[in-house]
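Remarks on the structure that follows.
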Amino acid sequence: MRRLPLAALPFVLIACSADNATGQNSTNSADKPFKTSIIADFDSPWAMTFLPDGRALVTEKAGDMILFDPKNGTKIPVSGIPAVDSAGQGGLMDVVLSPEFGQDKTVYFSFSEARNGAKGVALARGQFNQASDGTTALDDVTVIFRASPYVEGNGHYSGRIAFSPDGRYLFFTNGERQKFDPAQDPKATLGKVLRLNPDGTPAAGNPLAAQGFDPAIWSYGHRNLLGIAFDKDGRLWEQEMGPKGGDEVNLIKPGLNYGYPKVSNGDHYDGRPITDHAPGDGFEAPKVSWNPVISPAGLLYYSADMFPQWKNSLFIGGLSSESLVRVKLDGEKASKADQWDMGARIREVEQGPDGALWLLEDGGQGSQGRMLKLTPTG
Ligand SMILES: [Ca+2]
Ligand SMILES: [Ca+2]
């Protein structure tokens with residue numbers, strides 16, 4: 001694993017207002033209850049997570065993990081990341097810290113890889129290690145879980161990671177790889193939410209194992225699961241990019257079938273209809289669905305004080321909708337609350353240590369891959 005010299009790395013980024021940087025008039029931002037500050041620019045960033053000291057790890061789709069310090073704009077590459085297959089929707093994906101990061105320094109991340117002529121999403125972990133000269137690595141990186149089966153194609157990997165609030169379980173999403181039927185296949189991890197032990201082995205007591213399902217499976221019938229997050233009461237929420245007219249927010253409960261591709265409020269992009277969700281059909285319906293779609297990416301449960309009016313909300317980045325979407329929670333109920341035009345594809349939403357909202361723009365298709373920070377106006 002190569003370590004890069006620190007001296008080659010730092011460069012200074014100048015924070016400036018969104019209005020100055022984008023040339024947008026102020027009317028647009030004046031309609032928003034937040035000020036948007038441009039913090040940094042990345043190359044097709046995919047996910048971020050904050051370290052306890054306020055710095056952040058940011059993944060870039062092509063395979064780089066970067067240690068970013070918002071205080072001074074310094075970027076340090078993190079070595080030790082295995083080769084990723086960055087093609088289509090694949091690449092270096094999510095990054096989260098171990099619940100015991102302060103002690104174990106463990107970082108979990110997901111990525112797509114090619115093996116034996118097929119592709120799939122893998123989950124890995126390594127130990128964060130910064131040397132006295134600043135060089136930074138994940139040491140002892142080990143792949144602890146691989147989706148099964150690996151198939152051809154570059155789409156719908158999913159690859160989102162979340163730890164349960166008690167820190168005992170690691171939830172991991174596997175998309176259906178644009179193959180449809182694997183989402184209902186008990187033997188495939190594709191199109192599923194998985195519950196694993198922190199070492200990547202299937203958690204004991206998963207709800208469908210006794211029925212012959214892959215022992216890692218927690219729920220099934222999903223399409224492209226691009227966000228999972230726990231709320232303050234321990235409920236697991238998920239968002240997925242559905243078919244045409246069928247983007248969803250789901251409340252994930254163990255053992256349930258969320259329907260895809262048998263039922264969906266949307267229909268296939270090639271025009272074939274899919275039966276809508278209906279009461280009593282045996283499939284768990286979404287709490288919220290969108291038509292027209294938002295193309296959701298990333299999912300944050302907001303719990304901080306900087307925006308007190310948004311406590312107990314989910315925030316979702318919108319790709320094709322180029323928006324930030326807020327969904328209001330009330331126990332097991334969820335409802336659409338806000339959708340703000342951000343003028344760029346939003347890939348990731350994160351809560352900062354100070355309670356600000358941090359966004360990553362997607363790269364490509366007219367979006368610049370910037371890191372944005374949202375703070376209250378006035
Ligand atoms: Ca994140
Ligand atoms: Ca339908």
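In the structure tokens, the first chain shown is A, the next is B, and so on; residue numbers restart at 1 for each chain, and ligands run from 1 in the order shown.
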Give me the residues of chain A that have any atom at most 12 Å from an atom of ligand 2; for each, the nearest atom pair and the distance in Å, rounded to one decimal. Use only C-alpha atoms and all ligand atoms, sort by chain and number, and format it as a tab-separated table.
residue	atom	partner	partner_atom_place_in_ligand_line	distance
A:Gly242	CA	ligand 2	1 (Ca)	10.4
A:Pro243	CA	ligand 2	1 (Ca)	8.6
A:Lys244	CA	ligand 2	1 (Ca)	8.6
A:Gly245	CA	ligand 2	1 (Ca)	8.0
A:Gly246	CA	ligand 2	1 (Ca)	7.5
A:Asp247	CA	ligand 2	1 (Ca)	11.2
A:Gly259	CA	ligand 2	1 (Ca)	10.8
A:Tyr260	CA	ligand 2	1 (Ca)	10.2
A:Pro261	CA	ligand 2	1 (Ca)	9.6
A:Lys262	CA	ligand 2	1 (Ca)	9.2
A:Val263	CA	ligand 2	1 (Ca)	6.4
A:Ser264	CA	ligand 2	1 (Ca)	4.7
A:Asn265	CA	ligand 2	1 (Ca)	4.1
A:Gly266	CA	ligand 2	1 (Ca)	4.1
A:Asp267	CA	ligand 2	1 (Ca)	4.6
A:His268	CA	ligand 2	1 (Ca)	8.1
A:Tyr269	CA	ligand 2	1 (Ca)	11.0
A:Gly271	CA	ligand 2	1 (Ca)	10.4
A:Arg272	CA	ligand 2	1 (Ca)	9.1
A:Pro273	CA	ligand 2	1 (Ca)	5.7
A:Ile274	CA	ligand 2	1 (Ca)	4.0
A:Thr275	CA	ligand 2	1 (Ca)	4.4
A:Asp276	CA	ligand 2	1 (Ca)	4.0
A:His277	CA	ligand 2	1 (Ca)	7.4
A:Ala278	CA	ligand 2	1 (Ca)	10.2
A:Ala285	CA	ligand 2	1 (Ca)	11.7
A:Ser289	CA	ligand 2	1 (Ca)	11.3
A:Trp290	CA	ligand 2	1 (Ca)	11.9
A:Asn291	CA	ligand 2	1 (Ca)	10.7
Legend entry - Within 10 Å of ligand 1 (only C-alpha atoms and all ligand atoms), residues as a PyMOL selection string: chain A and resi 46-50+56-59+93-97+160-162+227-229+298-300+347-351+358-360
Let me see the file: selected residues, C-alpha atoms, as a tab-separated table (two decimals), in the first residue's frame.
chain	number	residue	atom	x	y	z
A	46	TRP	CA	-19.98	9.72	-3.12
A	47	ALA	CA	-20.10	9.76	0.68
A	48	MET	CA	-18.65	11.42	3.75
A	49	THR	CA	-18.51	10.92	7.49
A	50	PHE	CA	-17.13	13.10	10.28
A	56	ALA	CA	-14.16	14.26	7.57
A	57	LEU	CA	-13.50	11.24	5.42
A	58	VAL	CA	-14.80	11.70	1.88
A	59	THR	CA	-14.97	8.99	-0.77
A	93	MET	CA	-19.03	4.20	-2.19
A	94	ASP	CA	-20.01	4.61	1.45
A	95	VAL	CA	-17.77	5.27	4.45
A	96	VAL	CA	-18.77	5.08	8.12
A	97	LEU	CA	-16.91	4.85	11.41
A	160	ARG	CA	-25.00	1.90	2.00
A	161	ILE	CA	-23.84	1.13	5.55
A	162	ALA	CA	-25.37	1.95	8.96
A	227	GLY	CA	-29.70	5.32	1.98
A	228	ILE	CA	-30.37	3.79	5.38
A	229	ALA	CA	-30.51	5.57	8.74
A	298	GLY	CA	-27.99	9.43	0.62
A	299	LEU	CA	-30.19	9.51	3.70
A	300	LEU	CA	-29.67	11.44	6.91
A	347	ARG	CA	-25.35	12.61	-3.68
A	348	GLU	CA	-24.86	12.74	0.08
A	349	VAL	CA	-26.31	14.46	3.13
A	350	GLU	CA	-24.49	14.48	6.46
A	351	GLN	CA	-24.94	16.13	9.86
A	358	TRP	CA	-23.36	19.09	4.84
A	359	LEU	CA	-23.98	18.02	1.27
A	360	LEU	CA	-21.89	16.48	-1.46
Legend entry - helix (DSSP H, G or I) per DSSP on the backbone: members of stretch 58-127 of chain A, as a list in words: Phe101, Gly102, Gln103 and Asp104 of chain A
Legend entry - Shortest interatomic distance to A:Asp354 - which of A:Asp305, A:Pro77, A:Leu256, A:Phe213, counting only C-alpha atoms: A:Asp305
Inset, instruction - State, in Å with one decimal place, the distance from atom CA of A:Tyr302 to atom CA of A:Gly369. - result: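 Pair atom CA of A:Tyr302 / atom CA of A:Gly369 returns 22.5 Å.
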Inset, instruction - For A:Ala114, list every protein, DNA or RNA residue within 10 Å, evaluated using only C-alpha atoms, and leave out those in the same chain fewer than 2 positions away; present the list as JSON, numbers by chain. - result: {"A": [83, 84, 85, 86, 112, 116, 117, 118, 119, 120, 121, 150, 151, 152]}
Inset, instruction - Name the residues of stretch 157-283 of chain A that come out as strand (DSSP E or B) in a backbone DSSP run; write them as a ChimeraX atom specification. - result: /A:158-163,170-174,192-196,202,217-220,224-230,236-241,244,247-252,257,263,267,275
Legend entry - Straight-line distance linking atom CA of A:Ser164 with atom CA of A:Lys373, stated in Å to one decimal: 26.3 Å
Legend entry - Residues near A:Gly331, cut-off 10 Å, only C-alpha atoms, skip fewer than 5 positions along chain, as a ChimeraX atom specification: /A:231,233,235,312
Inset, instruction - Name all residues at most 10 Å from A:Phe180 (count only C-alpha atoms; drop same-chain ones fewer than 4 positions away) and give them as a VMD selection string. - result: chain A and resid 175 to 176 184 to 185 190 to 191 221 to 223 260 to 262
